[in-house]
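Student: Pasting a structure below so you can have a look.
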Amino acid sequence: MAKITLDDLRHAYAPDPERPEDYALQQLDVTFENGGAYALLGPSGCGKTTLLNIISGLLTPSHGKVLFDGKDVTELAPDERHIAQVFQFPVVYDNLAFPLRNRGVTEADVDKKVREIAAMIDLEDTLMNRASGLTADGKQKISLGRGLVRSDVNVIMFDEPLTVIDPHLKWQLRSKLKELHQRVNRTMIYVTHDQTEALTFADKVVVMNVGQVVQIGTPVELFETPGHEFVGHFIGSPGMNILDCEVKGGQAFLHGQPVQTSNAAAVKDGAEGSLRLGIRPEFVTLSEKDGIAADVVKVSDSGRYQIVETRVGDVPVKLLVNEGIEIPTGRTALSFRADRTRVYRDGWLVA
């Protein structure tokens, strides 16, 4: 196990100091605590896999350091970092045994450890079966077991591990992975573009966009207090409403109508930068009298609730309404929960 520190890290595949926009990873400082479960979450091309490859030693960063428990490993090869790696052998047993045999562990200890791990990942009854005959989720369990079987592994890393898994099996594997992390207490880093996978597996999620880490937090923190517009938009279904606004004298205005917020008072009159309001659909409600004038334009049934699309002037605003509640047609009013309504400047939460 290891505490992993990324110190002033940047990477470009063809570095040019005069063109920082070409960097696949912008400057970042991140610490993965020993034994933690982390997810790297973001859209394709945001830098997740590049970051994973730098941690594993497959890439050397253009700038900065990678530290394992305070030791600089930036120039070390993957096998010197004790990273869990995945190969495939014909028989399940041999797949799990290989990392131990490769390190000279006695066959008696190999057998004991292999059977212990096989029981943990529900492969005990298939140890002598051919790995090629397993289902996709069974093969992924082998990959997981290959990391767990070693006692000298500093970190186990997963790059989009459930992409090829049938949807009905994904929940089972996510649950198994979370359970195993709690049992073995190894540092795990899980790369995904799927917010459900990230939020259900990780203790902390590292949200990335365009080569930047825009926020690190628990699933609750990312949902309730997005530090950047992208976090609010990317996490949640539907994502956070992001609305152009004005702020005058510490008061926010949406399409000329005053809106109570938690942080507009921190915006100074005349300050530079574009200002926008962020509020999740969960915290917008219909109001019969007082509120922000709006027009209902569409209602969609999502099962547990109705997604109501409205417009404040020409600005779209979505809200969630429980099933069974009648939605007015035409003109209505909206109420924004003040403590969940925040002002963002140039994408970042105003503090």
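By order in the structure tokens, chains are A, B, ...; within a chain, residues start at 1; ligands start at 1, following the order shown.
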Each residue of segment 140-249 of chain A lying at most 12 Å from segment 299-310 of chain A should get a row with its shortest atom-to-atom pair and the distance in Å to one decimal, counting only C-alpha atoms; could you produce that, ordered by chain and increasing number, as JSON lines?

Tutor:
```
{"residue": "A:Ser237", "atom": "CA", "partner": "A:Ile307", "partner_atom": "CA", "distance": 9.9}
{"residue": "A:Pro238", "atom": "CA", "partner": "A:Ile307", "partner_atom": "CA", "distance": 8.3}
{"residue": "A:Gly239", "atom": "CA", "partner": "A:Ile307", "partner_atom": "CA", "distance": 11.6}
{"residue": "A:Asn241", "atom": "CA", "partner": "A:Glu309", "partner_atom": "CA", "distance": 10.8}
```

Student: Please write the residues from the selection above to a file, keeping N, CA and C atoms, as a short mmCIF file (atom, residue, chain, number, x, y, z; two decimals), in the first residue's frame.

Tutor:
```cif
data_model
loop_
_atom_site.label_atom_id
_atom_site.label_comp_id
_atom_site.auth_asym_id
_atom_site.auth_seq_id
_atom_site.Cartn_x
_atom_site.Cartn_y
_atom_site.Cartn_z
N SER A 237 -28.47 13.70 -12.89
CA SER A 237 -29.30 13.41 -14.05
C SER A 237 -30.74 13.84 -13.77
N PRO A 238 -31.18 14.97 -14.34
CA PRO A 238 -30.43 15.89 -15.18
C PRO A 238 -29.35 16.62 -14.38
N GLY A 239 -28.39 17.22 -15.11
CA GLY A 239 -27.34 17.98 -14.46
C GLY A 239 -27.84 19.32 -13.93
N ASN A 241 -28.73 23.13 -13.43
CA ASN A 241 -29.08 24.28 -14.27
C ASN A 241 -27.96 25.31 -14.15
#
```

Student: Can you list, as a PyMOL selection string, all residues belonging to segment 32-203 of chain A that DSSP tags as strand (DSSP E or B)?

Tutor: chain A and resi 32+37-41+63-68+71-72+83+91+130+155-159+187-192

Student: Would you mind listing what lies within 8 Å of segment 69-77 of chain A as a list in words, with only C-alpha atoms counted and same-chain residues fewer than 4 positions away left out?

Tutor: Ala2, Lys3, Ile4, Thr5, Gly57, Leu58, Thr60, Pro61, Lys65 and Arg81 of chain A

Student: Would you list, as an MDAnalysis selection string, the residues of segment 96-343 of chain A that end up in alpha helix (DSSP H) under DSSP run on this structure's backbone?

Tutor: chainID A and resid 96:101 107:120 136:148 167:184 195:201 219:224 229:234

Student: Extract, using only C-alpha atoms, all DNA, RNA and protein residues at most 10 Å from Gly133 of chain A, discarding same-chain residues fewer than 3 positions from it, and format them as a VMD selection string.

Tutor: chain A and resid 90 to 92 129 to 130 136 138 to 139

Student: Which residues come within 10 Å of Tyr13 of chain A, counting only C-alpha atoms, excluding same-chain residues fewer than 4 positions away, as a list in words?

Tutor: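 My reading of the contact set: Asp22, Tyr23, Ala24, Leu25, Thr50, Leu59, Pro61 and Ser62 of chain A.
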
Student: Can you work out which one of A:Ala266, A:Ala198, A:Cys46, A:Ile54 has the shortest atom-to-atom distance to Lys248 of chain A, counting only C-alpha atoms?

Tutor: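 Distance minimum relative to Lys248 of chain A lands on A:Ala266.
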
Student: Do a neighbour search on segment 107-111 of chain A at 9 Å with only C-alpha atoms, toss out local chain neighbours closer than 5 positions, and write the hits as number ranges by chain.

Tutor: A: 93, 96-98, 100-101, 116

Student: Suppose we keep N, CA, C and O atoms; can you now write the selection as a tab-separated table (two decimals), in the first residue's frame?

Tutor:
```tsv
chain	number	residue	atom	x	y	z
A	93	TYR	N	-6.70	-20.76	-12.07
A	93	TYR	CA	-5.74	-20.93	-10.98
A	93	TYR	C	-4.38	-20.31	-11.35
A	93	TYR	O	-3.79	-19.57	-10.56
A	96	LEU	N	-4.16	-16.48	-11.23
A	96	LEU	CA	-4.02	-15.93	-9.89
A	96	LEU	C	-2.65	-16.26	-9.29
A	96	LEU	O	-2.11	-15.48	-8.49
A	97	ALA	N	-2.08	-17.39	-9.68
A	97	ALA	CA	-0.82	-17.83	-9.09
A	97	ALA	C	0.40	-17.12	-9.69
A	97	ALA	O	1.43	-16.99	-9.02
A	98	PHE	N	0.28	-16.65	-10.93
A	98	PHE	CA	1.45	-16.13	-11.63
A	98	PHE	C	2.20	-15.03	-10.87
A	98	PHE	O	3.45	-15.08	-10.77
A	100	LEU	N	2.62	-14.49	-7.81
A	100	LEU	CA	3.34	-15.06	-6.67
A	100	LEU	C	4.50	-15.93	-7.15
A	100	LEU	O	5.62	-15.83	-6.62
A	101	ARG	N	4.25	-16.79	-8.13
A	101	ARG	CA	5.32	-17.64	-8.66
A	101	ARG	C	6.44	-16.79	-9.25
A	101	ARG	O	7.62	-17.15	-9.15
A	116	GLU	N	-7.52	-18.48	-1.05
A	116	GLU	CA	-8.09	-17.42	-0.21
A	116	GLU	C	-8.70	-16.32	-1.07
A	116	GLU	O	-9.84	-15.88	-0.83
```

Student: Could you give me, as a list in words, the residues within 9 Å of Thr49 of chain A, counting only C-alpha atoms and dropping anything in the same chain fewer than 5 positions from it?

Tutor: Leu40, Ile54, Asp159 and Val191 of chain A

Student: Go through A:Val317, A:Val350, A:Ala294, A:Val220 one by one, measure the shortest atom-to-atom distance of each to Ser274 of chain A using only C-alpha atoms, and give the residue with the smallest value.

Tutor: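 Smallest separation from Ser274 of chain A among the options: A:Val350.
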
Student: Choose the residue, out of A:Leu320, A:Met120, A:Leu173, A:Val153, that has the smallest atom-to-atom separation from Leu286 of chain A; count only C-alpha atoms.

Tutor: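 Looking at the shortest contact to Leu286 of chain A, the residue is A:Leu320.
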
Student: Measuring between only C-alpha atoms, which one of A:Asp137, A:Asp94, A:Glu272, A:Glu288 shows the shortest distance to Leu177 of chain A?

Tutor: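 Of A:Asp137, A:Asp94, A:Glu272, A:Glu288, the one nearest Leu177 of chain A is A:Asp137, counting only C-alpha atoms.
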